[in-house]
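Participant: One structure, as structure tokens, below. Some questions next.
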Protein chains: 2
Amino acid sequence: MRLGLDVGGTKTDAVAMAPNGTIVARARLATGWGADAVVRTILDAVAALRADPALAAADIRSVGIGIPGRIEPGSGRVEHAVNLGVETLDLAAAVAPVLGVAVRVENDVKAAALGAASLRGAAQSMGYLNLGTGIAAAIVTDGALWRGARGGAGEIGHLSIDPAGPVCRCGQRGCIEALAGGGAVSARWGKPGALPIRDVFDAADAGDPVAVRLRTDLARGVAAAIRVLVLTADVDTVVLGGGITTLGTRLQGEVAAHLDASARESAFLRSLQLVARVEILPVGAPAAALGAALIGAEAAGEREVVSRG
Amino acid sequence: MRLGLDVGGTKTDAVAMAPNGTIVARARLATGWGADAVVRTILDAVAALRADPALAAADIRSVGIGIPGRIEPGSGRVEHAVNLGVETLDLAAAVAPVLGVAVRVENDVKAAALGAASLRGAAQSMGYLNLGTGIAAAIVTDGALWRGARGGAGEIGHLSIDPAGPVCRCGQRGCIEALAGGGAVSARWGKPGALPIRDVFDAADAGDPVAVRLRTDLARGVAAAIRVLVLTADVDTVVLGGGITTLGTRLQGEVAAHLDASARESAFLRSLQLVARVEILPVGAPAAALGAALIGAEAAGEREVVSRG
């Protein structure tokens, strides 16, 4: 049995994966704030899974953890997970001795990409585009994550697509993330609310010109990210995930309108049939937790989920 | 022995590759105009190699051909090779019966990428960015071309990086190719001359404001293409090739200035050390012909140069 955890800013999602890849148990907990509380959450999530009757007497072989922030490939160390209140944390070292099994840590977007590819079950290459506070992507081909030479593949949020665009938190102007990242859109909207991107879409529907502008920027940023993934890596499909995708068809319609507009301008883009190549990950699908379980299994060397690049 | 041909708009470069990968003979011919003349050029180039004493009594196992235009993967058919006066040509069918060996046809930029990776000899992943009339790239990892789901990986010339930029021949505004493609820069310069890009650089050095603007646009387009390759695929190195790279350090300096400027703006980009990851392919290196020979060998199944994606 392989356990996989997706440690998010508010919730931690945990699954137990049988040797045939199916999920046999799932647990969800609130995520604590700060390094100690994050470690506690992970141990609690593993305990919750172990208490599940489906895991009675099961042999737990590995734990994979998907978590925001920068993870040096193979290190188990998390850096700059700002949404969790973690500046630096040697997560594998903190939890592996307690759990008594192999622990592997990976960036949550990469974990979600691998899990989404597994859930889709298709053999074709896939780009996963995470639309959350920030924008990042990951590429899966032949069932394997494309990590790149230095573990940085998919950091397309910081490609500038407009030299006159808004300043990004990274310092450049017109980054895809500055146009389409949830954090950037919320900051530009500047109004309180638990669901600021939904508020922007609602206000845009009601004709608010600022909201219309923000919604347009968001959609053109997402459309640009899709084009980057297809024109560079020629992934067969781009799967959208992350918090903003809870807008569902409202988001997909805006993005499709931008892709259609560029297809009308350019016969080359038209030939790529981009709208038909975009999917949204079903809300609530345990992609990142499943991907983390697969990555844990990869570490243990029993599944061929190799890294390339 | 494997033969490889690079059919260019003016010249055709042909090499004979020994089983150990070394080049044992080379021939260069002027390329004819139009489908029939292109076929004639290819047959003449193979005859020139066969006449080389190094190939006396050698068994020729395959011929690989790199050629501009769109090549349906595995088809041997060339489409839209406008610089050769070829609209459509079933090239493999036209030459294979005459040559009596297996013939494989590939896009010239993909062939050059594979050949450049072989000439460098490094195992790390590589992006090849071709700066010619148009702008296109190809990615090589583990010694293999990343072709993508539909053979379109690397078509980054038609990513827009400036919605207020010049109109591209593809119909969009601000494509990398509209800023940095030799054809687009020549058209915007609008003055006669055999080496228009060199003329633009010379005039910019002399302070001509239009030339300074065109040189700046060219360099920012190339810098953007380098960022796209590294942020999306995290290739270890980006190798620049194609006609514009005959400008050598004059080009490299302008591009480095743009990469340095974005690194000053953004700690994230600074961390990627982009300037140090860019190389120029040596002028006259037979990258595309060698890559074509490797692709021909791949077709014959004797070298593991697989396609992925």
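Simple scheme: letters A, B, ... for chains in structure tokens order, numbers from 1 for residues in each chain, numbers from 1 for ligands in the order shown.
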Do you have, as CSV, the list of residues of chain A lying at most 7 Å from chain B, each with its nearest atom pair and that distance in Å to one decimal, counting only C-alpha atoms and ordered by chain then number?

Facilitator:
residue,atom,partner,partner_atom,distance
A:Gln124,CA,B:Gly309,CA,7.0
A:Ser125,CA,B:Gly309,CA,5.4
A:Thr141,CA,B:Gly309,CA,5.6
A:Gly148,CA,B:Asp234,CA,4.5
A:Ala149,CA,B:Asp236,CA,5.2
A:Arg150,CA,B:Asp234,CA,6.7
A:Gly152,CA,B:Asp234,CA,5.6
A:Ala153,CA,B:Asp234,CA,4.6
A:Gly154,CA,B:Thr232,CA,4.6
A:Glu155,CA,B:Leu231,CA,5.1
A:Ile156,CA,B:Leu231,CA,5.5
A:Leu159,CA,B:Val228,CA,6.9
A:Ser160,CA,B:Ile161,CA,6.6
A:Ile161,CA,B:Ile161,CA,4.1
A:Asp162,CA,B:Asp162,CA,4.8
A:Pro163,CA,B:Asp162,CA,6.3
A:Cys170,CA,B:Ser266,CA,5.2
A:Gly171,CA,B:Ser266,CA,4.7
A:Gln172,CA,B:Glu265,CA,5.8
A:Val228,CA,B:Leu159,CA,6.9
A:Leu231,CA,B:Glu155,CA,5.1
A:Thr232,CA,B:Gly154,CA,4.6
A:Ala233,CA,B:Ala153,CA,4.7
A:Asp234,CA,B:Gly148,CA,4.5
A:Val235,CA,B:Ala149,CA,5.6
A:Asp236,CA,B:Ala149,CA,5.1
A:Ser262,CA,B:Gln172,CA,6.9
A:Glu265,CA,B:Gly171,CA,5.0
A:Ser266,CA,B:Gly171,CA,4.7
A:Ala267,CA,B:Cys170,CA,6.8
A:Phe268,CA,B:Cys170,CA,6.5
A:Gly309,CA,B:Ser125,CA,5.4

Participant: Using the selection just defined, write its residues with N, CA and C atoms as an mmCIF file, in the first residue's frame.

Facilitator:
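File written: result-v2.cif
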data_model
loop_
_atom_site.group_PDB
_atom_site.id
_atom_site.type_symbol
_atom_site.label_atom_id
_atom_site.label_comp_id
_atom_site.auth_asym_id
_atom_site.auth_seq_id
_atom_site.Cartn_x
_atom_site.Cartn_y
_atom_site.Cartn_z
ATOM 1 N N GLN A 124 -1.428 9.501 -23.969
ATOM 2 C CA GLN A 124 -0.859 10.676 -24.633
ATOM 3 C C GLN A 124 -0.238 11.651 -23.642
ATOM 4 N N SER A 125 0.664 12.476 -24.154
ATOM 5 C CA SER A 125 1.303 13.489 -23.324
ATOM 6 C C SER A 125 0.264 14.509 -22.858
ATOM 7 N N THR A 141 4.590 12.757 -19.787
ATOM 8 C CA THR A 141 4.585 11.996 -21.031
ATOM 9 C C THR A 141 5.019 10.572 -20.736
ATOM 10 N N GLY A 148 12.810 18.284 -16.176
ATOM 11 C CA GLY A 148 13.778 19.209 -16.744
ATOM 12 C C GLY A 148 15.143 19.058 -16.102
ATOM 13 N N ALA A 149 16.097 19.835 -16.624
ATOM 14 C CA ALA A 149 17.495 19.688 -16.223
ATOM 15 C C ALA A 149 17.711 20.037 -14.758
ATOM 16 N N ARG A 150 16.940 21.010 -14.235
ATOM 17 C CA ARG A 150 17.164 21.484 -12.870
ATOM 18 C C ARG A 150 15.870 21.471 -12.054
ATOM 19 N N GLY A 152 13.015 22.554 -12.963
ATOM 20 C CA GLY A 152 12.227 23.784 -13.143
ATOM 21 C C GLY A 152 11.250 23.758 -14.296
ATOM 22 N N ALA A 153 11.065 22.623 -14.953
ATOM 23 C CA ALA A 153 10.142 22.586 -16.097
ATOM 24 C C ALA A 153 8.739 22.979 -15.658
ATOM 25 N N GLY A 154 8.055 23.759 -16.473
ATOM 26 C CA GLY A 154 6.672 24.129 -16.201
ATOM 27 C C GLY A 154 6.482 25.451 -15.481
ATOM 28 N N GLU A 155 7.560 26.174 -15.194
ATOM 29 C CA GLU A 155 7.429 27.451 -14.467
ATOM 30 C C GLU A 155 7.027 28.583 -15.416
ATOM 31 N N ILE A 156 5.979 28.318 -16.191
ATOM 32 C CA ILE A 156 5.611 29.251 -17.256
ATOM 33 C C ILE A 156 4.874 30.480 -16.749
ATOM 34 N N LEU A 159 6.612 33.805 -17.614
ATOM 35 C CA LEU A 159 6.860 34.266 -18.977
ATOM 36 C C LEU A 159 6.033 35.526 -19.189
ATOM 37 N N SER A 160 6.678 36.576 -19.657
ATOM 38 C CA SER A 160 5.953 37.820 -19.932
ATOM 39 C C SER A 160 5.306 37.747 -21.303
ATOM 40 N N ILE A 161 4.026 38.112 -21.367
ATOM 41 C CA ILE A 161 3.340 38.139 -22.659
ATOM 42 C C ILE A 161 2.862 39.542 -23.004
ATOM 43 N N ASP A 162 3.264 40.519 -22.188
ATOM 44 C CA ASP A 162 2.827 41.891 -22.462
ATOM 45 C C ASP A 162 3.742 42.874 -21.737
ATOM 46 N N PRO A 163 4.656 43.533 -22.484
ATOM 47 C CA PRO A 163 5.596 44.454 -21.829
ATOM 48 C C PRO A 163 4.901 45.659 -21.196
ATOM 49 N N CYS A 170 7.178 38.864 -9.217
ATOM 50 C CA CYS A 170 8.554 38.444 -9.505
ATOM 51 C C CYS A 170 9.421 39.613 -9.953
ATOM 52 N N GLY A 171 8.798 40.725 -10.329
ATOM 53 C CA GLY A 171 9.563 41.895 -10.732
ATOM 54 C C GLY A 171 9.429 42.259 -12.200
ATOM 55 N N GLN A 172 9.035 41.290 -13.041
ATOM 56 C CA GLN A 172 8.842 41.589 -14.454
ATOM 57 C C GLN A 172 7.464 42.222 -14.673
ATOM 58 N N VAL A 228 1.616 28.260 -24.843
ATOM 59 C CA VAL A 228 3.020 27.968 -24.510
ATOM 60 C C VAL A 228 3.229 26.457 -24.384
ATOM 61 N N LEU A 231 2.651 24.838 -28.078
ATOM 62 C CA LEU A 231 3.631 25.198 -29.107
ATOM 63 C C LEU A 231 5.046 24.760 -28.714
ATOM 64 N N THR A 232 5.344 24.717 -27.422
ATOM 65 C CA THR A 232 6.693 24.332 -27.011
ATOM 66 C C THR A 232 6.836 22.812 -26.918
ATOM 67 N N ALA A 233 5.939 22.185 -26.154
ATOM 68 C CA ALA A 233 6.084 20.744 -25.890
ATOM 69 C C ALA A 233 5.126 19.900 -26.728
ATOM 70 N N ASP A 234 4.175 20.541 -27.403
ATOM 71 C CA ASP A 234 3.164 19.826 -28.184
ATOM 72 C C ASP A 234 2.517 18.716 -27.361
ATOM 73 N N VAL A 235 2.086 19.063 -26.162
ATOM 74 C CA VAL A 235 1.332 18.091 -25.371
ATOM 75 C C VAL A 235 -0.005 17.862 -26.053
ATOM 76 N N ASP A 236 -0.487 16.645 -25.978
ATOM 77 C CA ASP A 236 -1.745 16.304 -26.644
ATOM 78 C C ASP A 236 -2.919 17.056 -26.022
ATOM 79 N N SER A 262 -7.680 33.991 -31.330
ATOM 80 C CA SER A 262 -6.359 33.859 -31.953
ATOM 81 C C SER A 262 -6.403 32.864 -33.105
ATOM 82 N N GLU A 265 -7.428 34.735 -36.141
ATOM 83 C CA GLU A 265 -6.331 35.560 -36.687
ATOM 84 C C GLU A 265 -5.330 34.736 -37.468
ATOM 85 N N SER A 266 -5.057 33.502 -36.973
ATOM 86 C CA SER A 266 -3.892 32.762 -37.450
ATOM 87 C C SER A 266 -4.268 31.354 -37.887
ATOM 88 N N ALA A 267 -4.028 31.062 -39.172
ATOM 89 C CA ALA A 267 -4.311 29.708 -39.683
ATOM 90 C C ALA A 267 -3.466 28.671 -38.957
ATOM 91 N N PHE A 268 -2.243 29.081 -38.581
ATOM 92 C CA PHE A 268 -1.372 28.145 -37.856
ATOM 93 C C PHE A 268 -2.010 27.752 -36.526
ATOM 94 N N GLY A 309 15.102 14.503 -18.558
ATOM 95 C CA GLY A 309 15.487 15.876 -18.910
ATOM 96 C C GLY A 309 16.866 16.206 -18.461
#

Participant: Quick one: residues within 7 Å of segment 4-21 of chain B, only C-alpha atoms counted, chain neighbours fewer than 2 positions away excluded, as a list in words?

Facilitator: Met1, Arg2, Ile23, Val24, Ala25, Arg26, Ala27, Arg28, Leu29, Ala30, Thr31, Ala45, Leu49, Val63, Gly64, Ile65, Gly66, Ile67, Asn83, Leu84, Asp108, Ala288, Ala289, Leu290, Ala292 and Ala293 of chain B

Participant: Can you list, as an MDAnalysis selection string, all residues belonging to segment 37-78 of chain B that DSSP tags as helix (DSSP H, G or I)?

Facilitator: chainID B and resid 37:50 53:55

Participant: If we count only C-alpha atoms, what is near segment 190-196 of chain A at a cut-off of 12 Å, once residues fewer than 3 positions away on the same chain are taken out, given as a PyMOL selection string?

Facilitator: chain A and resi 132-133+181-187+199-203+210-211+214-215+243-244+246-247

Participant: Applying 7 Å and only C-alpha atoms, which residues near Gly291 of chain A remain after dropping the ones on its own chain fewer than 2 positions away? List them as JSON, numbers by chain.

Facilitator: {"A": [111, 112, 114, 115, 287, 288, 289, 293, 294, 295]}

Participant: To one decimal in Å, tell me the separation between atom CA of Arg61 of chain B and atom CA of Ala81 of chain B.

Facilitator: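 Between these atoms lies a distance of 26.7 Å.
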
Participant: Which parts of segment 211-280 of chain A does DSSP call strand (DSSP E or B) when run on the backbone here, written out as a PDB file with N, CA and C atoms, in the first residue's frame?

Facilitator:
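Output below, filename result-v5.pdb:
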ATOM      1  N   THR A 237      -2.920  17.147 -24.697  1.00  0.00           N
ATOM      2  CA  THR A 237      -4.029  17.730 -23.953  1.00  0.00           C
ATOM      3  C   THR A 237      -3.489  18.648 -22.863  1.00  0.00           C
ATOM      4  N   VAL A 238      -4.215  19.735 -22.581  1.00  0.00           N
ATOM      5  CA  VAL A 238      -3.886  20.576 -21.425  1.00  0.00           C
ATOM      6  C   VAL A 238      -5.032  20.444 -20.426  1.00  0.00           C
ATOM      7  N   VAL A 239      -4.709  19.976 -19.235  1.00  0.00           N
ATOM      8  CA  VAL A 239      -5.709  19.834 -18.173  1.00  0.00           C
ATOM      9  C   VAL A 239      -5.561  21.005 -17.209  1.00  0.00           C
ATOM     10  N   LEU A 240      -6.657  21.711 -16.984  1.00  0.00           N
ATOM     11  CA  LEU A 240      -6.651  22.832 -16.048  1.00  0.00           C
ATOM     12  C   LEU A 240      -7.068  22.336 -14.665  1.00  0.00           C
ATOM     13  N   GLY A 241      -6.312  22.725 -13.645  1.00  0.00           N
ATOM     14  CA  GLY A 241      -6.668  22.397 -12.269  1.00  0.00           C
ATOM     15  C   GLY A 241      -6.379  23.588 -11.382  1.00  0.00           C
ATOM     16  N   VAL A 278      -8.300  21.252 -24.488  1.00  0.00           N
ATOM     17  CA  VAL A 278      -8.300  21.720 -23.098  1.00  0.00           C
ATOM     18  C   VAL A 278      -9.391  21.005 -22.304  1.00  0.00           C
ATOM     19  N   GLU A 279      -9.034  20.520 -21.132  1.00  0.00           N
ATOM     20  CA  GLU A 279      -9.988  19.880 -20.213  1.00  0.00           C
ATOM     21  C   GLU A 279      -9.850  20.519 -18.844  1.00  0.00           C
ATOM     22  N   ILE A 280     -10.917  20.418 -18.030  1.00  0.00           N
ATOM     23  CA  ILE A 280     -10.819  20.841 -16.633  1.00  0.00           C
ATOM     24  C   ILE A 280     -10.831  19.590 -15.758  1.00  0.00           C
TER      25      ILE A 280
END

Participant: Hey, can you check how far atom CA of Ala117 of chain B sits from atom CA of Asp59 of chain B?

Facilitator: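 If I compute the distance from atom CA of Ala117 of chain B to atom CA of Asp59 of chain B, I get 25.8 Å.
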
Participant: If we count only C-alpha atoms and set the cut-off at 8 Å, which residues sit around Val275 of chain B, ignoring sequence neighbours fewer than 3 positions away in its own chain? Please answer as a PyMOL selection string.

Facilitator: chain B and resi 256+259-260+278
